[in-house]
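S.K.: Here it is, the structure in full.
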Amino acid sequence: IRTTAIRDGDHYVLNGQKTFITNGLISNLLVVAAKTDPKADPPYRGISLFVVEGDTPGFIRGRKLEKIGMKGQDTAELFFEDCRVPASNLLGKEGAGFYYLMEKLQQERLVCAISAQAAAEAIFDMTLQYCLEREQFGRPIGKFQVNRHKLVDMKTEIEIGRVFVDRLIVEHNAGEEIISETCMAKWWITEMLKRVADQCLQLHGGYGYMLEYPIAKAYLDVRVQTIYAGTTEIMKEIIGKRMGL
Ligand SMILES: Cc1cc2nc3c(=O)[nH]c(=O)nc-3n(C[C@H](O)[C@H](O)[C@H](O)COP(=O)(O)OP(=O)(O)OC[C@H]3O[C@@H](n4cnc5c(N)ncnc54)[C@H](O)[C@@H]3O)c2cc1C
C-alpha cells in the first residue's frame with residue numbers, strides 16, 4: 001500500500017491511487033486503506049481505513065478497465081489527489097487498519113469460495129444436461145465412457161468442495177478461527193472451478209466456444225477467481241506460514 005493519509009487539522013489528506021477496484025465507477029461510498037504513518041516499522045502498523053464519499057474533491061475515478069470476463073461489474077482505477085477527508089471518517093482506530101483487513105478479508109475469501117462452489121455446481125448441472133441431450137454417433141455424448149468418467153470425476157470434486165465449504169460456513173457463523181481452512185477453501189475450490197469450467201466447455205464442443213452459450217461466458221468469468229481476493233499462491237503462503245514453514 002502506497003496511498004498515504006496524512007493528518008492535517010480536522011482532516012486527513014489522501015494521496016495515491018488504487019487499481020482493479022470492483023464497482024469503482026458506480027461506488028458512492030468507499031473504504032480506502034492508506035498509510036497514516038508511512039515510516040511505521042513494521043509497515044502494517046501504519047495502515048488505517050477511511051470512509052471516502054464519492055463526491056469528495058480530489059477523489060477521481062479513472063477509466064473503466066476492459067476485462068475478459070465479469071462484464072456485469074466494472075473494474076476501475078481510482079485516484080486521490082490532495083483528497084481531504086474529515087478526521088471523523090477514520091474507520092476504527094488509527095494504525096489498526098491492517099488488523100481490520102485481516103479479520104474481514106477472511107470473510108471475503110469465504111464468500112469467494114462459496115460463490116466458486118455455486119458456480120461449479122451450476123456449470124456442471126448445465127453440462128450434464130447437455131451431455132444427456134447432445135447425440136453423436138447414435139448416442140448422447142455423456143454415454144461415452146470417457147465422458148462419463150470425466151463427469152463423475154467432476155461430480156466427485158464438486159461434492160468434496162460442498163462438504164468443505166458447508167463446514168466452514170457453520171464454523172464461521174459460530175465465530176471459530178478458521179483462517180487456514182478458509183484460505184484452503186479459497187484456493188482449492190476456485191482451482192477446482194477452473195478445472196470444471198475448462199472440462200465442461202470441452203464437453204460442449206464447438207458450441208462451448210460461442211458466447212451465446214452460457215458455458216462460454218462462465219469460462220471467461222471463472223478465470224479471475226484464483227486471482228482476486230488473494231491469489232492461489234498467496235493463499236498457500238498464508239497456510240504455509242501458519243504451519244510454521
Ligand atoms: C477483476 C478484478 C477485480 C478486483 N477487485 C478488487 C477490489 O475491489 N479491491 C481490491 O483491493 N483489489 C481488487 N482486485 C485486485 C486483486 O486482489 C489483485 O489483482 C490480486 O490480489 C493479485 O495482485 P496483483 O494483481 O498485484 O498481482 P501480483 O502480486 O503482481 O502477482 C503476480 C503473480 O505473482 C504471484 N505472487 C505474488 N507474490 C507472490 C509470493 N509472495 N509468492 C508466490 N507468488 C507470488 C501471484 O500469485 C501472481 O500469480 C481485483 C482484481 C481483479 C482482476
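How things are named: the first chain in the C-alpha cells is A, the next is B, and so on; residues count from 1 in each chain; ligands count from 1 in the order shown.
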Give me the residues within 12 Å of Ser88 of chain A as a PyMOL selection string, counting only C-alpha atoms and dropping any in the same chain fewer than 6 places off.

M.R.: chain A and resi 7+9-12+49-52+94

S.K.: For chain A against ligand 1, with a cut-off of 10 Å and counting only C-alpha atoms and all ligand atoms, what is the closest atom pair and its distance in Å to one decimal for every residue that makes the cut, ordered by chain and number, as a Markdown table?

M.R.:
```
| residue | atom | partner | partner_atom_place_in_ligand_line | distance |
| --- | --- | --- | --- | --- |
| A:Ile1 | CA | ligand 1 | 11 (O) | 9.9 |
| A:Lys18 | CA | ligand 1 | 11 (O) | 7.4 |
| A:Thr19 | CA | ligand 1 | 12 (N) | 6.9 |
| A:Phe20 | CA | ligand 1 | 50 (C) | 4.5 |
| A:Ile21 | CA | ligand 1 | 8 (O) | 3.8 |
| A:Thr22 | CA | ligand 1 | 8 (O) | 3.7 |
| A:Asn23 | CA | ligand 1 | 8 (O) | 7.0 |
| A:Gly24 | CA | ligand 1 | 8 (O) | 7.4 |
| A:Val31 | CA | ligand 1 | 9 (N) | 9.7 |
| A:Val32 | CA | ligand 1 | 11 (O) | 8.8 |
| A:Ala33 | CA | ligand 1 | 11 (O) | 8.8 |
| A:Leu65 | CA | ligand 1 | 1 (C) | 9.0 |
| A:Glu66 | CA | ligand 1 | 1 (C) | 9.5 |
| A:Lys67 | CA | ligand 1 | 1 (C) | 7.1 |
| A:Ile68 | CA | ligand 1 | 1 (C) | 9.0 |
| A:Gly69 | CA | ligand 1 | 1 (C) | 8.1 |
| A:Met70 | CA | ligand 1 | 1 (C) | 7.0 |
| A:Lys71 | CA | ligand 1 | 1 (C) | 9.2 |
| A:Gln73 | CA | ligand 1 | 1 (C) | 8.4 |
| A:Asp74 | CA | ligand 1 | 1 (C) | 8.2 |
| A:Thr75 | CA | ligand 1 | 3 (C) | 5.9 |
| A:Ala76 | CA | ligand 1 | 5 (N) | 8.4 |
| A:Glu77 | CA | ligand 1 | 7 (C) | 9.9 |
| A:Asp221 | CA | ligand 1 | 1 (C) | 9.2 |
| A:Arg223 | CA | ligand 1 | 53 (C) | 9.3 |
| A:Val224 | CA | ligand 1 | 53 (C) | 5.9 |
| A:Gln225 | CA | ligand 1 | 53 (C) | 8.4 |
| A:Thr226 | CA | ligand 1 | 47 (O) | 8.7 |
| A:Ile227 | CA | ligand 1 | 20 (C) | 5.3 |
| A:Tyr228 | CA | ligand 1 | 17 (O) | 3.9 |
| A:Ala229 | CA | ligand 1 | 17 (O) | 4.6 |
| A:Gly230 | CA | ligand 1 | 21 (O) | 4.3 |
| A:Thr231 | CA | ligand 1 | 47 (O) | 4.7 |
| A:Thr232 | CA | ligand 1 | 47 (O) | 6.0 |
| A:Glu233 | CA | ligand 1 | 47 (O) | 4.4 |
| A:Ile234 | CA | ligand 1 | 47 (O) | 5.6 |
| A:Met235 | CA | ligand 1 | 47 (O) | 8.5 |
| A:Lys236 | CA | ligand 1 | 43 (C) | 8.4 |
| A:Glu237 | CA | ligand 1 | 42 (N) | 6.6 |
| A:Ile238 | CA | ligand 1 | 41 (N) | 9.6 |
```

S.K.: Restricting the calculation to only C-alpha atoms, which member of A:Thr190, A:Ser48, A:Gln106, A:Gln136 is positioned closest to Ala119 of chain A?

M.R.: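 Closest to Ala119 of chain A, using only C-alpha atoms: A:Thr190.
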
S.K.: Using atom CA of Thr4 of chain A and atom CA of Gly16 of chain A as the two end points, give the distance in Å to one decimal.

M.R.: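 Separation between atom CA of Thr4 of chain A and atom CA of Gly16 of chain A: 6.4 Å.
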
S.K.: What's the 12 Å shell around Leu105 of chain A, counting only C-alpha atoms, without same-chain residues fewer than 3 positions away, as a VMD selection string?

M.R.: chain A and resid 97 to 102 108 to 112 179 182 to 183 186 228 to 230 235

S.K.: So that I can see what lies close to Ala5 of chain A, please list as a compact mmCIF listing (two decimals) with all heavy atoms, in the first residue's frame the residues with an atom at most 6 Å from it, counting only C-alpha atoms and leaving out residues fewer than 6 positions away in the same chain.

M.R.:
```
# COMPACT_ATOMS: atom_id res chain seq x y z
N TYR A 12 -7.83 14.32 7.16
CA TYR A 12 -6.69 13.56 6.63
C TYR A 12 -6.63 13.89 5.14
O TYR A 12 -7.67 14.01 4.48
CB TYR A 12 -6.91 12.06 6.79
CG TYR A 12 -6.73 11.55 8.20
CD1 TYR A 12 -7.80 11.52 9.09
CD2 TYR A 12 -5.48 11.09 8.64
CE1 TYR A 12 -7.64 11.04 10.39
CE2 TYR A 12 -5.32 10.61 9.93
CZ TYR A 12 -6.40 10.58 10.80
OH TYR A 12 -6.24 10.11 12.08
N VAL A 13 -5.40 14.02 4.64
CA VAL A 13 -5.24 14.33 3.22
C VAL A 13 -4.72 13.08 2.51
O VAL A 13 -3.62 12.59 2.81
CB VAL A 13 -4.25 15.51 3.02
CG1 VAL A 13 -4.15 15.86 1.53
CG2 VAL A 13 -4.71 16.72 3.83
N LEU A 14 -5.54 12.56 1.60
CA LEU A 14 -5.20 11.31 0.91
C LEU A 14 -4.51 11.59 -0.43
O LEU A 14 -4.98 12.43 -1.20
CB LEU A 14 -6.46 10.47 0.65
CG LEU A 14 -6.86 9.48 1.76
CD1 LEU A 14 -7.26 10.23 3.02
CD2 LEU A 14 -7.99 8.58 1.29
N ALA A 34 -5.06 3.24 3.67
CA ALA A 34 -3.97 4.18 3.37
C ALA A 34 -2.99 4.20 4.54
O ALA A 34 -3.33 3.81 5.66
CB ALA A 34 -4.54 5.58 3.12
N LYS A 35 -1.79 4.69 4.25
CA LYS A 35 -0.77 4.76 5.30
C LYS A 35 -0.87 6.08 6.05
O LYS A 35 -0.62 7.15 5.47
CB LYS A 35 0.62 4.62 4.67
CG LYS A 35 0.91 3.19 4.30
CD LYS A 35 2.38 2.96 4.09
CE LYS A 35 2.64 1.47 4.03
NZ LYS A 35 3.97 1.16 3.55
N THR A 36 -1.23 6.01 7.30
CA THR A 36 -1.24 7.23 8.13
C THR A 36 0.15 7.45 8.72
O THR A 36 0.48 8.54 9.14
CB THR A 36 -2.29 7.10 9.26
OG1 THR A 36 -2.29 5.76 9.74
CG2 THR A 36 -3.67 7.44 8.75
```
